[in-house]
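Enquirer: Here you go, this is entry-v1.tsv (TSV, C-alpha atoms (C1' of nucleotides)).
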```tsv
chain	number	residue	atom	x	y	z
A	1	MET	CA	118.95	88.86	75.07
A	2	ARG	CA	115.37	89.13	76.27
A	3	GLN	CA	115.30	90.75	79.69
A	4	THR	CA	113.21	89.01	82.32
A	5	PHE	CA	112.38	89.81	85.91
A	6	SER	CA	110.65	88.60	89.02
A	7	ILE	CA	107.30	89.81	90.27
A	8	GLY	CA	109.01	92.06	92.79
A	9	GLU	CA	111.15	93.69	90.11
A	10	LEU	CA	108.12	94.12	87.86
A	11	GLY	CA	106.32	95.74	90.76
A	12	ARG	CA	109.17	98.19	91.33
A	13	ARG	CA	109.33	99.11	87.65
A	14	ALA	CA	105.62	99.66	87.30
A	15	GLY	CA	105.09	101.16	90.74
A	16	THR	CA	102.74	98.39	91.79
A	17	LYS	CA	102.54	96.14	94.80
A	18	VAL	CA	103.20	92.47	94.29
A	19	GLU	CA	99.77	91.53	95.61
A	20	THR	CA	98.14	93.86	93.11
A	21	ILE	CA	99.97	92.19	90.23
A	22	ARG	CA	98.80	88.78	91.37
A	23	TYR	CA	95.32	90.22	91.73
A	24	TYR	CA	95.40	91.47	88.13
A	25	GLU	CA	96.46	88.02	87.01
A	26	ARG	CA	93.58	86.42	88.91
A	27	SER	CA	91.20	88.92	87.33
A	28	GLY	CA	92.44	88.11	83.84
A	29	LEU	CA	93.98	91.53	83.17
A	30	LEU	CA	97.51	90.19	83.01
A	31	PRO	CA	98.24	86.86	81.30
A	32	PRO	CA	99.79	84.20	83.57
A	33	PRO	CA	103.54	84.38	82.90
A	34	PRO	CA	105.80	81.34	82.56
A	35	ARG	CA	107.34	79.96	85.74
A	36	SER	CA	110.93	79.31	86.75
A	37	SER	CA	112.13	75.94	88.03
A	38	GLY	CA	111.31	77.11	91.54
A	39	ASN	CA	107.79	78.09	90.46
A	40	TYR	CA	108.52	81.82	90.43
A	41	ARG	CA	106.68	83.99	87.90
A	42	VAL	CA	108.98	85.18	85.10
A	43	TYR	CA	108.01	88.44	83.39
A	44	ASP	CA	109.34	90.26	80.33
A	45	GLN	CA	109.08	93.68	78.66
A	46	GLU	CA	105.69	92.88	77.20
A	47	HIS	CA	104.26	92.23	80.64
A	48	LEU	CA	105.77	95.48	81.87
A	49	ARG	CA	104.19	97.36	78.98
A	50	ARG	CA	100.80	95.89	79.70
A	51	LEU	CA	101.00	96.48	83.44
A	52	SER	CA	102.12	100.07	82.88
A	53	PHE	CA	99.13	100.59	80.61
A	54	ILE	CA	96.82	99.29	83.30
A	55	ARG	CA	98.37	101.41	86.06
A	56	ARG	CA	98.29	104.54	83.98
A	57	ALA	CA	94.67	104.01	83.02
A	58	ARG	CA	93.81	103.33	86.66
A	59	LYS	CA	95.53	106.56	87.74
A	60	LEU	CA	93.42	108.36	85.17
A	61	GLY	CA	90.39	106.98	86.96
A	62	PHE	CA	89.29	104.22	84.57
A	63	SER	CA	87.67	101.22	86.24
A	64	LEU	CA	89.21	97.80	85.72
A	65	GLU	CA	86.22	97.04	83.52
A	66	GLN	CA	87.03	100.04	81.35
A	67	VAL	CA	90.70	99.06	81.28
A	68	ARG	CA	89.70	95.60	80.13
A	69	ALA	CA	87.68	97.16	77.31
A	70	LEU	CA	90.55	99.44	76.29
A	71	LEU	CA	93.03	96.55	76.24
A	72	ASP	CA	90.60	94.52	74.21
A	73	MET	CA	90.16	97.30	71.65
A	74	ALA	CA	93.90	97.86	71.51
A	75	ARG	CA	94.35	94.22	70.52
A	76	HIS	CA	92.52	94.82	67.24
A	77	GLY	CA	94.98	97.25	65.71
A	78	ASP	CA	93.25	97.27	62.34
A	79	ARG	CA	89.96	98.74	63.41
A	80	PRO	CA	89.24	102.46	63.60
A	81	CYS	CA	89.65	103.84	67.06
A	82	ASP	CA	86.30	105.59	67.31
A	83	ARG	CA	85.31	103.27	70.10
A	84	ILE	CA	88.36	104.02	72.20
A	85	ASP	CA	87.60	107.65	71.61
A	86	ALA	CA	84.07	107.05	72.87
A	87	VAL	CA	85.23	105.33	76.05
A	88	VAL	CA	87.59	108.19	76.84
A	89	GLN	CA	84.97	110.81	76.03
A	90	GLU	CA	82.43	109.17	78.30
A	91	HIS	CA	85.03	109.11	81.03
A	92	VAL	CA	85.79	112.80	80.62
A	93	ALA	CA	82.10	113.59	80.95
A	94	GLU	CA	82.01	111.56	84.16
A	95	ILE	CA	84.99	113.44	85.55
A	96	GLU	CA	83.35	116.75	84.78
A	97	ARG	CA	80.25	115.66	86.68
A	98	LYS	CA	82.40	114.73	89.66
A	99	ILE	CA	84.21	118.07	89.60
A	100	ARG	CA	80.91	119.94	89.58
A	101	ASP	CA	79.59	117.86	92.48
A	102	LEU	CA	82.70	118.44	94.55
A	103	GLN	CA	82.70	122.17	93.88
A	104	CYS	CA	79.12	122.36	95.03
A	105	LEU	CA	80.00	120.36	98.12
A	106	ARG	CA	82.97	122.55	98.95
A	107	HIS	CA	80.76	125.59	98.67
A	108	GLU	CA	78.24	124.12	101.09
A	109	LEU	CA	80.91	123.21	103.60
A	110	SER	CA	82.66	126.56	103.36
A	111	THR	CA	79.37	128.25	104.07
A	112	LEU	CA	78.99	126.05	107.13
A	113	LEU	CA	82.46	126.99	108.34
A	114	GLY	CA	81.72	130.66	107.85
A	115	GLN	CA	78.64	130.42	110.03
A	116	CYS	CA	80.34	128.69	112.93
A	117	GLY	CA	81.97	131.31	115.13
A	118	ARG	CA	83.70	129.38	117.90
A	119	ARG	CA	80.50	128.99	119.91
A	120	LYS	CA	79.64	125.91	121.88
A	121	VAL	CA	78.60	122.76	120.09
A	122	GLU	CA	75.09	123.26	121.38
A	123	GLU	CA	74.58	126.22	119.09
A	124	CYS	CA	76.93	125.11	116.39
A	125	ARG	CA	75.47	125.81	113.00
A	126	ILE	CA	77.36	122.92	111.52
A	127	VAL	CA	75.62	120.41	113.73
A	128	GLU	CA	72.30	122.10	113.06
A	129	ALA	CA	72.82	122.30	109.34
A	130	LEU	CA	73.63	118.64	109.13
A	131	GLY	CA	70.36	117.79	110.84
A	132	PRO	CA	67.07	117.24	109.01
A	133	ALA	CA	65.74	119.87	106.68
A	134	PRO	CA	63.42	122.27	108.55
A	135	SER	CA	60.02	120.53	108.60
A	136	GLY	CA	61.02	117.91	106.05
B	137	MET	CA	51.48	111.77	121.22
B	138	ARG	CA	54.98	110.67	120.27
B	139	GLN	CA	55.01	109.66	116.65
B	140	THR	CA	56.61	106.30	115.85
B	141	PHE	CA	57.25	104.47	112.64
B	142	SER	CA	58.51	101.28	111.09
B	143	ILE	CA	61.88	100.83	109.45
B	144	GLY	CA	60.29	101.17	106.00
B	145	GLU	CA	58.64	104.46	106.94
B	146	LEU	CA	61.89	105.73	108.47
B	147	GLY	CA	63.64	104.80	105.26
B	148	ARG	CA	61.13	106.73	103.16
B	149	ARG	CA	61.41	109.81	105.37
B	150	ALA	CA	65.20	109.84	105.39
B	151	GLY	CA	65.65	108.65	101.81
B	152	THR	CA	67.47	105.53	102.88
B	153	LYS	CA	67.10	101.86	102.04
B	154	VAL	CA	65.95	99.54	104.80
B	155	GLU	CA	69.10	97.43	104.51
B	156	THR	CA	71.25	100.51	104.95
B	157	ILE	CA	69.46	101.43	108.17
B	158	ARG	CA	70.02	97.94	109.56
B	159	TYR	CA	73.64	98.21	108.46
B	160	TYR	CA	74.03	101.50	110.37
B	161	GLU	CA	72.58	99.80	113.43
B	162	ARG	CA	75.03	96.92	113.12
B	163	SER	CA	77.89	99.41	112.78
B	164	GLY	CA	76.82	101.25	115.90
B	165	LEU	CA	75.85	104.49	114.15
B	166	LEU	CA	72.18	104.17	115.01
B	167	PRO	CA	71.13	102.90	118.46
B	168	PRO	CA	69.05	99.70	118.41
B	169	PRO	CA	65.44	100.89	118.68
B	170	PRO	CA	62.81	99.20	120.86
B	171	ARG	CA	60.82	96.38	119.29
B	172	SER	CA	57.09	95.82	118.85
B	173	SER	CA	55.31	92.67	120.03
B	174	GLY	CA	56.00	91.15	116.61
B	175	ASN	CA	59.70	92.01	116.91
B	176	TYR	CA	59.52	94.94	114.50
B	177	ARG	CA	61.85	97.89	115.06
B	178	VAL	CA	60.00	100.96	116.34
B	179	TYR	CA	61.56	104.33	115.56
B	180	ASP	CA	60.75	107.87	116.66
B	181	GLN	CA	61.64	111.47	115.72
B	182	GLU	CA	65.00	111.25	117.46
B	183	HIS	CA	66.03	108.31	115.28
B	184	LEU	CA	64.90	110.20	112.21
B	185	ARG	CA	66.96	113.21	113.24
B	186	ARG	CA	70.04	111.09	113.76
B	187	LEU	CA	69.62	109.16	110.52
B	188	SER	CA	69.07	112.38	108.58
B	189	PHE	CA	72.29	113.74	110.03
B	190	ILE	CA	74.15	110.65	108.92
B	191	ARG	CA	72.70	110.73	105.41
B	192	ARG	CA	73.41	114.40	104.96
B	193	ALA	CA	76.98	114.04	106.17
B	194	ARG	CA	77.45	111.05	103.86
B	195	LYS	CA	76.15	113.08	100.92
B	196	LEU	CA	78.68	115.74	101.83
B	197	GLY	CA	81.33	113.06	101.44
B	198	PHE	CA	82.20	112.32	105.06
B	199	SER	CA	83.24	108.75	105.77
B	200	LEU	CA	81.27	106.76	108.31
B	201	GLU	CA	84.27	107.11	110.61
B	202	GLN	CA	84.08	110.88	110.30
B	203	VAL	CA	80.33	110.78	110.83
B	204	ARG	CA	80.88	108.77	113.98
B	205	ALA	CA	83.32	111.41	115.20
B	206	LEU	CA	80.92	114.24	114.39
B	207	LEU	CA	78.05	112.52	116.20
B	208	ASP	CA	80.29	111.88	119.16
B	209	MET	CA	81.32	115.52	119.35
B	210	ALA	CA	77.74	116.65	118.93
B	211	ARG	CA	76.81	114.65	122.03
B	212	HIS	CA	78.90	116.94	124.22
B	213	GLY	CA	76.88	120.09	123.72
B	214	ASP	CA	78.81	122.02	126.34
B	215	ARG	CA	82.19	121.96	124.70
B	216	PRO	CA	83.46	124.46	122.18
B	217	CYS	CA	83.01	123.30	118.63
B	218	ASP	CA	86.57	123.92	117.46
B	219	ARG	CA	87.04	120.24	116.87
B	220	ILE	CA	83.98	119.91	114.66
B	221	ASP	CA	85.30	122.87	112.79
B	222	ALA	CA	88.61	121.08	112.36
B	223	VAL	CA	86.99	117.92	110.99
B	224	VAL	CA	85.03	119.93	108.45
B	225	GLN	CA	88.06	121.99	107.49
B	226	GLU	CA	90.18	118.89	106.93
B	227	HIS	CA	87.41	117.50	104.78
B	228	VAL	CA	87.26	120.66	102.68
B	229	ALA	CA	91.00	120.43	102.10
B	230	GLU	CA	90.56	116.85	100.98
B	231	ILE	CA	87.83	117.85	98.54
B	232	GLU	CA	90.02	120.58	97.12
B	233	ARG	CA	92.80	118.05	96.54
B	234	LYS	CA	90.35	115.81	94.71
B	235	ILE	CA	89.11	118.66	92.53
B	236	ARG	CA	92.66	119.56	91.52
B	237	ASP	CA	93.45	115.93	90.69
B	238	LEU	CA	90.35	115.56	88.57
B	239	GLN	CA	90.99	118.82	86.71
B	240	CYS	CA	94.49	117.66	85.90
B	241	LEU	CA	93.13	114.34	84.74
B	242	ARG	CA	90.50	115.93	82.53
B	243	HIS	CA	93.17	118.06	80.95
B	244	GLU	CA	95.31	115.03	80.16
B	245	LEU	CA	92.41	113.14	78.66
B	246	SER	CA	91.20	116.09	76.60
B	247	THR	CA	94.66	116.42	75.18
B	248	LEU	CA	94.58	112.75	74.25
B	249	LEU	CA	91.23	113.19	72.53
B	250	GLY	CA	92.51	116.16	70.60
B	251	GLN	CA	95.42	114.11	69.29
B	252	CYS	CA	93.39	111.16	68.14
B	253	GLY	CA	92.04	111.94	64.70
B	254	ARG	CA	89.99	108.93	63.68
B	255	ARG	CA	93.01	106.92	62.64
B	256	LYS	CA	93.32	103.21	63.18
B	257	VAL	CA	93.95	101.85	66.64
B	258	GLU	CA	97.46	100.91	65.58
B	259	GLU	CA	98.50	104.53	65.47
B	260	CYS	CA	96.10	105.78	68.07
B	261	ARG	CA	97.83	108.24	70.36
B	262	ILE	CA	95.54	107.24	73.19
B	263	VAL	CA	96.78	103.69	73.20
B	264	GLU	CA	100.35	104.87	72.88
B	265	ALA	CA	100.06	107.49	75.57
B	266	LEU	CA	98.68	104.99	78.01
B	267	GLY	CA	101.67	102.76	77.51
B	268	PRO	CA	104.91	103.00	79.51
B	269	ALA	CA	106.73	106.27	79.77
B	270	PRO	CA	109.31	106.59	76.94
B	271	SER	CA	112.33	104.64	78.19
B	272	GLY	CA	111.13	104.57	81.77
C	273	DC	C1'	41.45	82.29	104.94
C	274	DT	C1'	44.29	83.83	101.72
C	275	DT	C1'	46.88	87.37	99.60
C	276	DG	C1'	50.38	90.71	99.63
C	277	DA	C1'	53.15	94.09	101.65
C	278	DC	C1'	55.96	94.52	104.97
C	279	DC	C1'	59.33	92.87	108.62
C	280	DC	C1'	63.08	89.60	110.66
C	281	DT	C1'	67.98	87.24	110.65
C	282	DG	C1'	71.94	85.77	108.44
C	283	DT	C1'	75.01	85.49	104.78
C	284	DA	C1'	77.26	86.57	100.40
C	285	DG	C1'	78.57	89.78	96.83
C	286	DG	C1'	80.84	93.83	94.70
C	287	DG	C1'	85.21	96.77	93.35
C	288	DA	C1'	89.92	97.20	93.84
C	289	DC	C1'	92.78	96.09	96.33
C	290	DT	C1'	95.56	94.92	101.00
C	291	DA	C1'	97.23	91.98	104.58
C	292	DC	C1'	98.20	88.17	106.62
C	293	DA	C1'	99.50	82.91	107.62
C	294	DG	C1'	102.22	79.26	106.65
C	295	DG	C1'	105.19	77.60	103.81
C	296	DG	C1'	109.19	77.12	99.75
C	297	DT	C1'	113.48	79.17	97.10
C	298	DG	C1'	117.88	81.32	96.16
C	299	DG	C1'	121.98	83.59	97.09
C	300	DA	C1'	125.36	85.42	100.45
C	301	DT	C1'	127.89	84.69	104.43
C	302	DA	C1'	130.23	82.18	108.55
D	303	DT	C1'	127.55	72.81	105.32
D	304	DA	C1'	124.54	75.46	108.18
D	305	DT	C1'	122.25	79.56	108.71
D	306	DC	C1'	120.25	83.74	107.50
D	307	DC	C1'	117.41	86.72	105.01
D	308	DA	C1'	114.96	88.54	101.26
D	309	DC	C1'	112.15	87.11	98.26
D	310	DC	C1'	108.54	84.02	96.23
D	311	DC	C1'	104.29	80.79	96.51
D	312	DT	C1'	99.08	79.75	97.64
D	313	DG	C1'	95.03	80.65	99.95
D	314	DT	C1'	92.06	83.17	102.71
D	315	DA	C1'	90.17	87.06	105.10
D	316	DG	C1'	89.78	91.94	105.75
D	317	DT	C1'	88.73	96.90	104.11
D	318	DC	C1'	84.63	100.38	102.93
D	319	DC	C1'	79.81	101.09	102.27
D	320	DC	C1'	76.51	99.29	101.24
D	321	DT	C1'	73.27	95.89	98.32
D	322	DA	C1'	70.98	91.65	97.45
D	323	DC	C1'	69.40	87.60	98.37
D	324	DA	C1'	67.30	83.25	101.00
D	325	DG	C1'	64.16	81.58	104.02
D	326	DG	C1'	61.27	82.65	107.09
D	327	DG	C1'	57.52	85.56	110.38
D	328	DT	C1'	53.70	89.43	110.96
D	329	DC	C1'	49.83	92.13	109.95
D	330	DA	C1'	45.96	94.39	107.71
D	331	DA	C1'	42.64	94.11	103.95
D	332	DG	C1'	39.42	91.66	101.28
```
Since I need it in another form, could you write the structure as structure tokens?
Expert:
Amino acid sequence: MRQTFSIGELGRRAGTKVETIRYYERSGLLPPPPRSSGNYRVYDQEHLRRLSFIRRARKLGFSLEQVRALLDMARHGDRPCDRIDAVVQEHVAEIERKIRDLQCLRHELSTLLGQCGRRKVEECRIVEALGPAPSG
Amino acid sequence: MRQTFSIGELGRRAGTKVETIRYYERSGLLPPPPRSSGNYRVYDQEHLRRLSFIRRARKLGFSLEQVRALLDMARHGDRPCDRIDAVVQEHVAEIERKIRDLQCLRHELSTLLGQCGRRKVEECRIVEALGPAPSG
DNA sequence: CTTGACCCTGTAGGGACTACAGGGTGGATA
DNA sequence: TATCCACCCTGTAGTCCCTACAGGGTCAAG
């Protein structure tokens, strides 16, 4: 009764390209599945669960290294999850840094846009502003 | 009276590693400078200006491709700068998309953290939530 | 004359994929 | 049975933006 599927089907279900799945296998994130008589990879629900975990974590911005750590922690179901908590918390802090950086950047660029009033490139404040700091 | 300097000095002035400068030269972003008798690269103020432009644009998040386009537009000083404007505007839109994504992400992760109350990994909502969507 | 800081070229690595090339497999159709 | 096509396989190379060597040459100071 155990449902199995090909790499293409797994890809469709998890929203992942076939090449990416093979790449995860090469990188040790997904265990090598059994093969059919024709040497095709044969996956089951457990593989789908694991791949979905990886994709979701990746969409949330975790690096493959972090995903590896999370999967590793998740394997030891009997330990307290403080460490998972810590990984996530560190990641949130990182995201907040990125948001601040981008907001600052947007502000700078908007200012640039405001200064440029359809003149010629010669006098364009954007080009100027991107140049070296005055007497740096 | 024209001031010249070595690649190391240029790097110090523009806050760039020597390897990166050579990489920009290989990629056609910086013109190959003249060489000294001992085959050392010899740079001047114009190179510094151009490199500073590149570094600043990079810090503002432009891709090298975009930088190339900006430099190219800047070369034609007689044309209106609408197109530079457009490049910058598109970039701002991109940044705003990224900010929204990250804010959404932070929200999701914070929610996860709030749910996880120092239980064991087995029941950790974080691990669960990262798994496949319920009956997806 | 030797030391040490700098410079040169060329190549490989990294992260996270993506895109072939060149072949094999499996099921439907003519 | 032949043919077609979608799918699968491996292996390698490319993307982006650097970064880090290895194995040498140059130059100024001591």
Enquirer: Return as a tab-separated table the residues of chain D lying at most 10 Å from chain B, together with the closest atom-to-atom pair for each and the distance in Å to one decimal, counting only C-alpha atoms (C1' of nucleotides), with rows in chain order and ascending residue number.
Expert:
```
residue	atom	partner	partner_atom	distance
D:DC318	C1'	B:Ser199	CA	8.9
D:DC319	C1'	B:Leu200	CA	8.4
D:DC320	C1'	B:Thr156	CA	6.6
D:DT321	C1'	B:Glu155	CA	7.6
D:DA322	C1'	B:Glu155	CA	9.3
D:DG327	C1'	B:Gly174	CA	8.5
D:DT328	C1'	B:Gly174	CA	6.3
D:DC329	C1'	B:Gly174	CA	9.1
```
Enquirer: Just write the chosen residues, C-alpha atoms (C1' of nucleotides), as a PDB file, keeping the file's coordinate frame.
Expert:
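Saved to part39.pdb:
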```pdb
ATOM      1  C1'  DC D 318      84.630 100.380 102.930  1.00  0.00           C
ATOM      2  C1'  DC D 319      79.810 101.090 102.270  1.00  0.00           C
ATOM      3  C1'  DC D 320      76.510  99.290 101.240  1.00  0.00           C
ATOM      4  C1'  DT D 321      73.270  95.890  98.320  1.00  0.00           C
ATOM      5  C1'  DA D 322      70.980  91.650  97.450  1.00  0.00           C
ATOM      6  C1'  DG D 327      57.520  85.560 110.380  1.00  0.00           C
ATOM      7  C1'  DT D 328      53.700  89.430 110.960  1.00  0.00           C
ATOM      8  C1'  DC D 329      49.830  92.130 109.950  1.00  0.00           C
TER       9       DC D 329
END
```
Enquirer: Can you check which parts of chain C lie within 9 Å of chain B? Per residue, the shortest pair of atoms and distance in Å to one decimal, counting all atoms listed in the file, sorted by chain and number, as a tab-separated table.
Expert:
```
residue	atom	partner	partner_atom	distance
C:DC278	C1'	B:Gly144	CA	8.0
C:DC279	C1'	B:Tyr176	CA	6.2
C:DC280	C1'	B:Tyr176	CA	7.5
```
Enquirer: Give me a file of those residues, with C-alpha atoms (C1' of nucleotides), as an mmCIF file, in the coordinates of the input.
Expert:
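Listing of selection.cif after writing:
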```
data_model
loop_
_atom_site.group_PDB
_atom_site.id
_atom_site.type_symbol
_atom_site.label_atom_id
_atom_site.label_comp_id
_atom_site.auth_asym_id
_atom_site.auth_seq_id
_atom_site.Cartn_x
_atom_site.Cartn_y
_atom_site.Cartn_z
ATOM 1 C "C1'" DC C 278 55.960 94.520 104.970
ATOM 2 C "C1'" DC C 279 59.330 92.870 108.620
ATOM 3 C "C1'" DC C 280 63.080 89.600 110.660
#
```
Enquirer: What is the distance, in Å and to one decimal place, between atom CA of Arg138 of chain B and atom CA of Ala193 of chain B?
Expert: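 Computing it gives 26.3 Å between the two atoms.
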Enquirer: I'd like the contact shell of DA302 of chain C - 12 Å cut-off, all atoms listed in the file, skipping same-chain residues fewer than 5 positions apart - returned as an NGL selection string.
Expert: :D and (303-306)
Enquirer: Could you check the closest approach to chain B for each of A:Pro33, A:Gly61, A:Gly15, A:Gly28 and tell me which residue wins, using all atoms listed in the file?
Expert: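 Among the listed residues, A:Gly61 lies closest to chain B.
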Enquirer: Would you mind telling me which residue in A:Arg58, A:Glu46, A:Gly11, A:Ala86 lies nearest to Met73 of chain A when using only C-alpha atoms?
Expert: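 Checking each of A:Arg58, A:Glu46, A:Gly11, A:Ala86 against Met73 of chain A, counting only C-alpha atoms, the winner is A:Ala86.
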Enquirer: Leaving out DC307 of chain D and any residue of its chain fewer than 5 positions from it, which residues lie within 12 Å of it when counting only C-alpha atoms (C1' of nucleotides), given as a ChimeraX atom specification?
Expert: /C:297-301
Enquirer: Hey, what's within 12 Å of DA324 of chain D if we count all atoms listed in the file and toss same-chain stuff fewer than 4 positions away? As a list of chain:residue names, please?
Expert: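 Within the cut-off, the hits are C:DT281, C:DG282, C:DT283, C:DA284.
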Enquirer: So what do you get for atom CA of Gln239 of chain B versus atom CA of Asp85 of chain A, distance-wise?
Expert: 19.1 Å
Enquirer: Choose the residue, out of A:Arg68, A:His91, A:Arg49, A:Arg12, that has the smallest atom-to-atom separation from chain B; count all atoms listed in the file.
Expert: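 Using all atoms listed in the file, chain B sits closest to A:Arg49.
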Enquirer: Taking 3 positions as the minimum chain separation for residues in the same chain, which residues sit within 12 Å of DT275 of chain C when counting only C-alpha atoms (C1' of nucleotides)? Answer as a VMD selection string.
Expert: chain D and resid 329 to 332
Enquirer: For chain A, which residue out of B:Cys240, B:Ala229, B:Ile235, B:Val154 is the nearest one, using all atoms listed in the file?
Expert: B:Ile235
Enquirer: Tell me which protein, DNA and RNA residues are within 9 Å of Val228 of chain B, counting all atoms listed in the file, leaving out same-chain ones fewer than 6 positions away, and put them as a list in words.
Expert: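 Listed by chain and then number, they are Leu105, Arg106, Leu109 and Ser110 of chain A.
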